[in-house]
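Visitor: Questions regarding the structure given below will be posed in turn.
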Amino acid sequence: MTDQKQAADFNEDEKKIIEDMITGDPEDMTIFGVSRRQFLKQLAVITGGFAAAQYIGPDELFAAPSVLAPGTIPINSIENGVNASFNVNGAPVALEVDSRMTLLDSLREKLQLTGTKKGCDHGQCGACTVIIDGNRVLSCLTLTACCQGKNVTTIEGLAKNNQLHPMQTAFIKHDGFQCGYCTPGQICSAVALMDEAKKGEASYLTENIREKPVSVQLSDDEIRERMSGNICRCGAYPNIIAAIKEVHSGKEAAQNWQFA
Amino acid sequence: MRPFKFSTTADSNEVSKILIANPHARLLGGGTNLLDLMKEDVERPTELVEVGNIDVMKIVSPASATGSVVIPAVEKNARTANDPAIRENFPMLSQAILSGASAQIRNMATNGGNLNQRTRCTYFYDVAMPCNKREPGSGCGAMKGLNRMHAIFGWSDKCVAVHPSDMCVALAALDAVVKVQGANGKQRSIPFTAYHRLPGDQPQKDNTLQPGELITAIEIPRNNFAENSYYLKVRDRASYAFALISVAAAMELKNNKIVRVSIAMGGVAHKPWRASVAEKYLLHKEATEANFKIAAANEMKLAKPLEHNLYKVELGRKALVRALMQAANGGKTI
Amino acid sequence: MAIIGKPINRVDALLKVTGAAKYAAEFNQPNMVYAFPVRSTIAKGSVSAIDSSAAEKSAGVIKILTPENAPQLKAIDPKVKTGGMLGEQLLPLQDNLVYYFGQYIALVVAETYEQARAAASLVKVNYSKEKHAIDLNTELPNGYKPQKVQGEDAQVNEGKTAPVIDATANKISYTYTTPTENHHPMEPHASIAVWEGSDKLTLYDSTQGVMGARGTLAYHFSLTPENVQIVSPYVGGGFGCKGSQWGHMLLAAMAAKLVQRPVKLAITRQMMQTNVGRRPATQQKMAMATDDKGMLTAIRHHTDSYGNKSDFFEPSGKQTAVLYNAPLREITYKIAKLNIGTPTYMRAPGETPGTFALESAIDEMAYKMKMDPVAFRVLNHTAEDPSKKHPFSSENLLDCYTIGSEKIGWQQRKAEPGQLRKGKQLIGYGVATATYPAGRSAASAKVQLRADGSVIVQSATQDIGTGTYTIIAQTASETLGIPVEKITVKIGDSSFPPAPVSGGSMTTASVNPAVMAAAEMVRKELLALATADTGSSLKGRRLEDIGYADGHFFVTADKTTVDSYADIMRRNNKNIVEACTTAMPASGSGLGAPTAPCMEAPIDKEENSDKEKYSFHSFGAQFAEVWVDEDFGTIRVKRFVSVQDVGRIMNEKTARSQIIGGVIYGIGAALMEETAYDHRWANPATRTLADYHVPVNLDVPDIGVHFIGKPDPHISPIGARGIGEIGTTGVSAAIANAVFNATGKRLRDLPFTPDKMLLKS
């Protein structure tokens, strides 16, 4: 069996789940990218397969506190409290936090947005990558207090308009992950990279750095260099490159499995 | 991380007052180094002032009549590296910035913060270890310890740490000027090579900023290096690692004769190291590999390696030659 | 309907790309508090005093656990089988003794993470310091010669090879050294402990073995195992460090018991360097000799390594007992005790450093005999286990060499080093053999078919990124004739039927036969219902005449005669048809003996199928093309080809990912990974991912993966061996051999950082 090609390969059930997961109705937009009510509805639709092939149920996924209106955040003995109002995945949040609290910990511990991962907590692995005002940054080295007025996009907010972000689809198709822990950071990073390439931003490998920035088609090594801030210990790098190349070029990339 | 008061203000005079009144107050730029150190309990500020809004730190000056370029202190590294004027006129600075850290960190880190980042010496970072830079008088763990990453130039018996920046190596070679402002708006300019210090007896001091002073901008004077410059970085892995050795090499050629040359090295000293011996040798000579080799050898003769970093002398020599060759070759890979 | 083997997307993929998959630290509980450990800053001695007064006054602090007030745990008894495996024979905070730098010596519990971490920095500790053991060569004279290594003799033919090797000029003798390495999965270990009363404990944990974790927690807290539930649905990588139980799991439960609130203890990346195991350093003395034709006459492999608070040491002689046809081989060990955090299994334990030594030495021997390294390996290939004299259960290594040579373009290689270059880059090619034992142990699974056509499969196994969720779904799908989309796989919970630790590359070979057996029982029960049912068109048909697909049975000779599972269940008033089986690797048939019921089934971790008749191993060939900068000595792996003979492939996509990941783990070991200790304090100077380098994207080239794909007829009815570890073996030797071919410089000391390339050899 050589050079097998296949599309993203969602079956009908999966397509339905994905469609249902993502809503165009702004009233259903929350920081989760999808509301609790809707998620429950979707899980009810699913009798088996894709999304159900996992341990967690909706109650665990949305463990209390799940409603995060301004002022309802439980506060226990906050020192040097700081107020910060900003948007997460298009929805406004207002937090009062300990001045020491990083955006990463606010997302994970206060907002229940656990898709953003803590891998090293020191800016050395990229697992906590989120997109703030269009730029990929590390949420572990960003104080929540510094997010005032900003727009934060996390992995939970990438899917829109009834479909997964093309980068998410490409990661599934090319198996761009194993344990899945670096994956949200990789995908956020890759999504932002596509914009950087469109703007013609340079990297250390750019040969003609003096040329006027124009939209660039990145070589494999250029993508590798620009994705080197996201460590994957399982070693999915070649698959991550394949996924990004496919989205970047707009051309379907072949998958290779070769049997002797 | 110890508790601290967080504040934000637009008023630079207010900031200077805070910095003078509280020696434990720190400016917070991108946070890529300061928060890292605070989590390690190395830095223990009691007050953080966010720099993002400070008026004088974000002024973008129009191109001056002399052709110099001024980059604001709070501008992000990534923006500076991709500024068309920087890419065209000072490509070596773009390369140096882009060789450092990761895309995410470059999107966060500020130019001023890049200058003020602290050493990555493991003994500085581990509060269980002695370190004169972190705790004056406690001793230097690296001197007789694992010093493979440490200095070969300009170290003292108090400290053998190296400055970790790539950007600063290019700025040193470009003869940049650090614009600072102190109490009551008092401004001064510090030549880049005088901004960072050698450790001497006071390794706790990384630079020559005075209490209450903050960096407002960095000015890069016009030069004719753009055609023939290159920033070379050698490291333990292909990307996202600090330099073992880096070289910023720039020259102005007339008929292959070197009429002006500027070289700085990273990963070798407590500050970006101007390779002035090599520069002196090369001035008015032909841009040939033979001359580059002599210049590099002359420079590296002054090196004083430690127990585990003898390799840096050889690596430094070869990196100097390669960077000069590539600069002479229009910045292209040879 | 052949679904096993197909490259289907992971069934958990959607959850992983949307951030919905939940890992241990993400199961926040109402009223939960946070714990942060205080760690020792000496490597040996005792804690003489802890002053926690400042920390206690710090905001939000609830409790500071020290040996003074920590709950007492049931002591370790080496004679008792707990069902678990402590990573080190050391229970936290039970006394004041210190065995390594970074050991947990106190624990702060506070309302928030920020408060706990800050207060931990305020705890002042006084020590009574003793001289620590840190230098391997200094301590080896006081070391010991282990008698057993993973059940086999650890001192084989000691001293017997010298006469053979000394008598010839056709020999080589070199020492190869490998450093201490750390696992560093991207998800640091984390535990959330929740007590229900004083006799029921739930631990959300990141573990490679929920059953082992249950055993350890139950034993040391004197609970009945059924009252301990370990929940670990997603694990952010393991590589061995999450295979056993470490102090933080006990600490979280101790703290939760003491403060009577749920406690989260997520350890830091710095603690990953000190508290959850490591691969110990080795120095391996290799010698071998050949006759004049290049046939090996003897191989000697002596390993020096270290241990600390357990019996574990790096079993780096393992592959030397299995590869090549040398008539005489000597394999020995000497182990010192050092005051370094306790070593443990790390991806391809034994073979990763062991194949570096053996396969480098084989290369050196080939050069010595002026033979092509591939031809030399082919000449010395053995078709049977040379130590046990058993046939291998399945072995196609020669095909691996042939395919790999073709894919990498071995003919471009020049025998003489330093002949190929592009600009400043010197180009070389290297080969090494890969091998890893194929283990299998008892495992249980429950398969439940519901009236709506959906299926639930449960097993207390884990998916640590390996694809276990997916291949279990494929196995159930194929066996039941029900599409994968209708199958829900539930794993990572100790309340499911027991399964072994996800380690030793044995999950696939162990768990899938159990799933298959349970699914078969379900299918057969349904069919029995149908053929006995007057309402069925299959009534009275012979079982062997009936096929199944897409949720129904059909007569194979007349596919229009069908009866659907749903109709059979409806007519027979069944809402559920289920079976739970334990698949055992049985001696004799080798095909396993499923038993039911299975909830209390024992797990024998050491059992293998038919091991008295066959030797169970996987094999492969690793080929590297490297480019070495002639001035800087920086090495880039430009291409890599891995050809693997690992039995049947369960899923081409996830299998390829496993091999790619294994190779990259090997690239890390070859080029950059090292935990370096300052001997004055015995502390790791490489404390974080900033200085313990692992490969980044730019370090990794295209990796070609090729599978032989022939099912192993003896390992199980499925024929698949595990593939989690073999991909790492041989990689550093292939790279070392390629670097020699490129430059003429032979590196025998991992990792190959530029400084080693620059120093005169």
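All residue names refer to the structure tokens as shown: chains lettered A, B, ... in order, residues numbered from 1 in each chain, ligands numbered from 1 in order.
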At a cut-off of 6 Å, using only C-alpha atoms, what residues contact region 204-209 of chain A? Leave out same-chain residues fewer than 2 positions from it and give the result as a PyMOL selection string.

Guide: (chain A and resi 202+211) or (chain B and resi 95+98-99)

Visitor: Set out as CSV a contact list for chain B and chain C with a cut-off of 9 Å, giving each residue of chain B that qualifies its closest atom pair and distance in Å to one decimal, counting only C-alpha atoms, ordered by chain and rising residue number.

Guide:
```
residue,atom,partner,partner_atom,distance
B:Met1,CA,C:Ala118,CA,5.2
B:Arg2,CA,C:Ala118,CA,5.4
B:Pro3,CA,C:Ala118,CA,7.7
B:Lys39,CA,C:Arg117,CA,8.5
B:Asp41,CA,C:Ser121,CA,7.3
B:Arg120,CA,C:Ala690,CA,8.8
B:Thr122,CA,C:Ala685,CA,6.0
B:Tyr123,CA,C:Ala685,CA,7.6
B:Tyr125,CA,C:Arg687,CA,9.0
B:Asp126,CA,C:Arg687,CA,8.2
B:Ala128,CA,C:Thr41,CA,6.1
B:Met129,CA,C:Trp681,CA,8.6
B:Gly145,CA,C:Asp678,CA,6.3
B:Leu146,CA,C:Asp678,CA,6.4
B:Arg148,CA,C:Asp755,CA,8.7
B:Val234,CA,C:Phe632,CA,7.5
B:Arg235,CA,C:Pro754,CA,8.0
B:Asp236,CA,C:Thr753,CA,6.0
B:Arg237,CA,C:Asp699,CA,6.7
B:Ala238,CA,C:Asp699,CA,5.4
B:Ser239,CA,C:Leu698,CA,6.4
B:Tyr240,CA,C:Val696,CA,7.5
B:Ala241,CA,C:Ala690,CA,7.2
B:Phe242,CA,C:Ala690,CA,8.4
B:Asn309,CA,C:Asp755,CA,8.0
B:Leu310,CA,C:Asp755,CA,8.5
B:Tyr311,CA,C:Asp755,CA,5.4
B:Lys312,CA,C:Asp755,CA,7.7
B:Glu314,CA,C:Leu758,CA,7.3
B:Leu315,CA,C:Phe632,CA,6.2
B:Lys318,CA,C:Asp631,CA,6.1
B:Ala319,CA,C:Phe632,CA,7.5
B:Arg322,CA,C:Asp631,CA,8.5
B:Ile334,CA,C:Gly423,CA,6.7
```

Visitor: Report, in Å with one decimal, the straight-line distance from CA of Asp195 (chain A) to CA of His248 (chain A).

Guide: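 Distance reported for this atom pair: 9.8 Å.
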
Visitor: Leaving out Lys388 (chain C) and any residue of its chain fewer than 3 positions from it, which residues lie within 10 Å of it when counting only C-alpha atoms, given as a PyMOL selection string?

Guide: chain C and resi 321-322+384-385+391-392+612-615

Visitor: Per residue of chain C within 7 Å of chain A, which atom pair is closest and at what distance in Å (one decimal), using only C-alpha atoms, listed by chain and increasing number, as a tab-separated table?

Guide:
```
residue	atom	partner	partner_atom	distance
C:Asn9	CA	A:Lys173	CA	6.4
C:Val11	CA	A:Phe50	CA	5.2
C:Asp12	CA	A:Ala53	CA	6.3
C:Ala13	CA	A:Ile172	CA	5.9
C:Leu14	CA	A:Ala51	CA	6.7
C:Leu15	CA	A:Ala51	CA	6.7
C:Lys16	CA	A:Gly180	CA	5.4
C:Val17	CA	A:Gln168	CA	5.7
C:Thr18	CA	A:Glu156	CA	5.7
C:Gly19	CA	A:Gly115	CA	3.8
C:Ala20	CA	A:Gly115	CA	6.2
C:Glu26	CA	A:Thr114	CA	6.3
C:Gly60	CA	A:Ser77	CA	6.3
C:Glu111	CA	A:Asn76	CA	7.0
C:Glu114	CA	A:Arg100	CA	6.7
C:Pro185	CA	A:Arg233	CA	5.9
C:Met186	CA	A:Gly119	CA	5.3
C:Glu187	CA	A:Gly119	CA	5.5
C:Pro188	CA	A:Gly119	CA	6.5
C:Pro233	CA	A:Tyr55	CA	5.7
C:Val235	CA	A:Cys179	CA	6.4
C:Gly236	CA	A:Cys179	CA	4.9
C:Gly237	CA	A:Cys179	CA	5.3
C:Thr268	CA	A:Cys120	CA	6.9
C:Arg269	CA	A:Cys120	CA	5.1
C:Ser454	CA	A:Gly48	CA	5.9
C:Ile464	CA	A:Cys179	CA	5.5
C:Gly465	CA	A:Cys179	CA	3.4
C:Thr466	CA	A:Gln178	CA	6.3
C:Val484	CA	A:Gly49	CA	6.4
C:Glu485	CA	A:Gly49	CA	3.7
C:Lys486	CA	A:Gly48	CA	4.5
C:Ile487	CA	A:Gly49	CA	5.1
C:Thr488	CA	A:Ala53	CA	4.2
C:Val489	CA	A:Ala53	CA	4.9
C:Lys490	CA	A:Tyr55	CA	5.5
C:Ile491	CA	A:Tyr55	CA	7.0
C:Glu652	CA	A:Trp257	CA	6.5
C:Ser657	CA	A:Ala236	CA	6.6
C:Ile660	CA	A:Gly235	CA	6.5
C:Gly661	CA	A:Gly235	CA	4.0
C:Ile664	CA	A:Gly235	CA	5.6
C:Leu689	CA	A:Gln124	CA	5.8
C:Ala690	CA	A:Gln124	CA	5.7
C:Val696	CA	A:Ser228	CA	5.2
C:Asn697	CA	A:Ser228	CA	4.8
C:Leu698	CA	A:Arg224	CA	4.6
C:Asp702	CA	A:Pro238	CA	6.2
C:Val705	CA	A:Gln258	CA	6.9
C:His706	CA	A:Gln258	CA	5.1
C:Phe707	CA	A:Phe259	CA	4.9
C:Ile708	CA	A:Ala260	CA	5.2
C:Gly709	CA	A:Phe259	CA	6.6
```

Visitor: Taking only C-alpha atoms into account, which residues of chain A are within 6 Å of chain B, as a list in words?

Guide: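 Selected residues: Asn80, His122, Arg136, Val137, Leu141, Glu201, Ser203, Tyr204, Arg210 and Gly229 of chain A.
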
Visitor: DSSP on the backbone, then: every residue of region 57-238 of chain A marked strand (DSSP E or B), written as a PyMOL selection string.

Guide: chain A and resi 81-88+91-98+102+129-132+135-138+143+151-153+160+163

Visitor: Please provide as number ranges by chain all residues within 12 Å of Lys293 (chain C), with the sequence filter that same-chain residues fewer than 3 positions apart are discarded (counting only C-alpha atoms).

Guide: C: 170, 289-290, 296-297, 366, 368-371, 375-376, 379-380

Visitor: Just N, CA, C and O atoms for this one: save the residues we selected as a PDB file, in the first residue's frame.

Guide:
```pdb
ATOM      1  N   ASN C 170      41.841  -8.973  14.557  1.00  0.00           N
ATOM      2  CA  ASN C 170      40.551  -8.536  14.006  1.00  0.00           C
ATOM      3  C   ASN C 170      39.603  -8.192  15.161  1.00  0.00           C
ATOM      4  O   ASN C 170      38.659  -8.924  15.438  1.00  0.00           O
ATOM      5  N   ALA C 289      35.343  -9.350  18.214  1.00  0.00           N
ATOM      6  CA  ALA C 289      36.350  -9.871  17.303  1.00  0.00           C
ATOM      7  C   ALA C 289      35.667 -10.644  16.188  1.00  0.00           C
ATOM      8  O   ALA C 289      34.545 -11.128  16.344  1.00  0.00           O
ATOM      9  N   THR C 290      36.367 -10.759  15.056  1.00  0.00           N
ATOM     10  CA  THR C 290      35.847 -11.551  13.934  1.00  0.00           C
ATOM     11  C   THR C 290      36.945 -12.472  13.410  1.00  0.00           C
ATOM     12  O   THR C 290      38.123 -12.295  13.733  1.00  0.00           O
ATOM     13  N   LEU C 296      31.638 -12.648  13.170  1.00  0.00           N
ATOM     14  CA  LEU C 296      31.892 -12.351  14.576  1.00  0.00           C
ATOM     15  C   LEU C 296      32.199 -13.644  15.338  1.00  0.00           C
ATOM     16  O   LEU C 296      31.508 -14.663  15.173  1.00  0.00           O
ATOM     17  N   THR C 297      33.220 -13.570  16.167  1.00  0.00           N
ATOM     18  CA  THR C 297      33.560 -14.729  17.006  1.00  0.00           C
ATOM     19  C   THR C 297      33.203 -14.482  18.472  1.00  0.00           C
ATOM     20  O   THR C 297      32.958 -15.430  19.212  1.00  0.00           O
ATOM     21  N   ALA C 366      33.135  -3.104  11.320  1.00  0.00           N
ATOM     22  CA  ALA C 366      33.002  -3.202   9.862  1.00  0.00           C
ATOM     23  C   ALA C 366      34.098  -2.388   9.175  1.00  0.00           C
ATOM     24  O   ALA C 366      34.720  -2.847   8.214  1.00  0.00           O
ATOM     25  N   LYS C 368      36.932  -1.586  10.451  1.00  0.00           N
ATOM     26  CA  LYS C 368      38.209  -2.263  10.718  1.00  0.00           C
ATOM     27  C   LYS C 368      38.438  -3.379   9.701  1.00  0.00           C
ATOM     28  O   LYS C 368      39.557  -3.589   9.230  1.00  0.00           O
ATOM     29  N   MET C 369      37.351  -4.077   9.356  1.00  0.00           N
ATOM     30  CA  MET C 369      37.477  -5.199   8.409  1.00  0.00           C
ATOM     31  C   MET C 369      37.295  -4.729   6.970  1.00  0.00           C
ATOM     32  O   MET C 369      37.197  -5.544   6.057  1.00  0.00           O
ATOM     33  N   LYS C 370      37.222  -3.376   6.805  1.00  0.00           N
ATOM     34  CA  LYS C 370      37.035  -2.797   5.470  1.00  0.00           C
ATOM     35  C   LYS C 370      35.814  -3.389   4.764  1.00  0.00           C
ATOM     36  O   LYS C 370      35.854  -3.732   3.583  1.00  0.00           O
ATOM     37  N   MET C 371      34.760  -3.526   5.528  1.00  0.00           N
ATOM     38  CA  MET C 371      33.522  -4.061   4.970  1.00  0.00           C
ATOM     39  C   MET C 371      32.424  -3.017   5.027  1.00  0.00           C
ATOM     40  O   MET C 371      32.423  -2.141   5.901  1.00  0.00           O
ATOM     41  N   ALA C 375      26.532  -4.773   4.707  1.00  0.00           N
ATOM     42  CA  ALA C 375      26.959  -6.131   4.358  1.00  0.00           C
ATOM     43  C   ALA C 375      27.480  -6.867   5.597  1.00  0.00           C
ATOM     44  O   ALA C 375      27.240  -8.074   5.766  1.00  0.00           O
ATOM     45  N   PHE C 376      28.179  -6.132   6.466  1.00  0.00           N
ATOM     46  CA  PHE C 376      28.710  -6.750   7.677  1.00  0.00           C
ATOM     47  C   PHE C 376      27.572  -7.248   8.565  1.00  0.00           C
ATOM     48  O   PHE C 376      27.629  -8.344   9.130  1.00  0.00           O
ATOM     49  N   LEU C 379      25.960 -10.301   6.931  1.00  0.00           N
ATOM     50  CA  LEU C 379      26.827 -11.473   7.098  1.00  0.00           C
ATOM     51  C   LEU C 379      26.667 -12.080   8.494  1.00  0.00           C
ATOM     52  O   LEU C 379      26.691 -13.301   8.657  1.00  0.00           O
ATOM     53  N   ASN C 380      26.505 -11.222   9.468  1.00  0.00           N
ATOM     54  CA  ASN C 380      26.468 -11.695  10.851  1.00  0.00           C
ATOM     55  C   ASN C 380      25.055 -11.834  11.412  1.00  0.00           C
ATOM     56  O   ASN C 380      24.874 -12.004  12.620  1.00  0.00           O
TER      57      ASN C 380
END
```
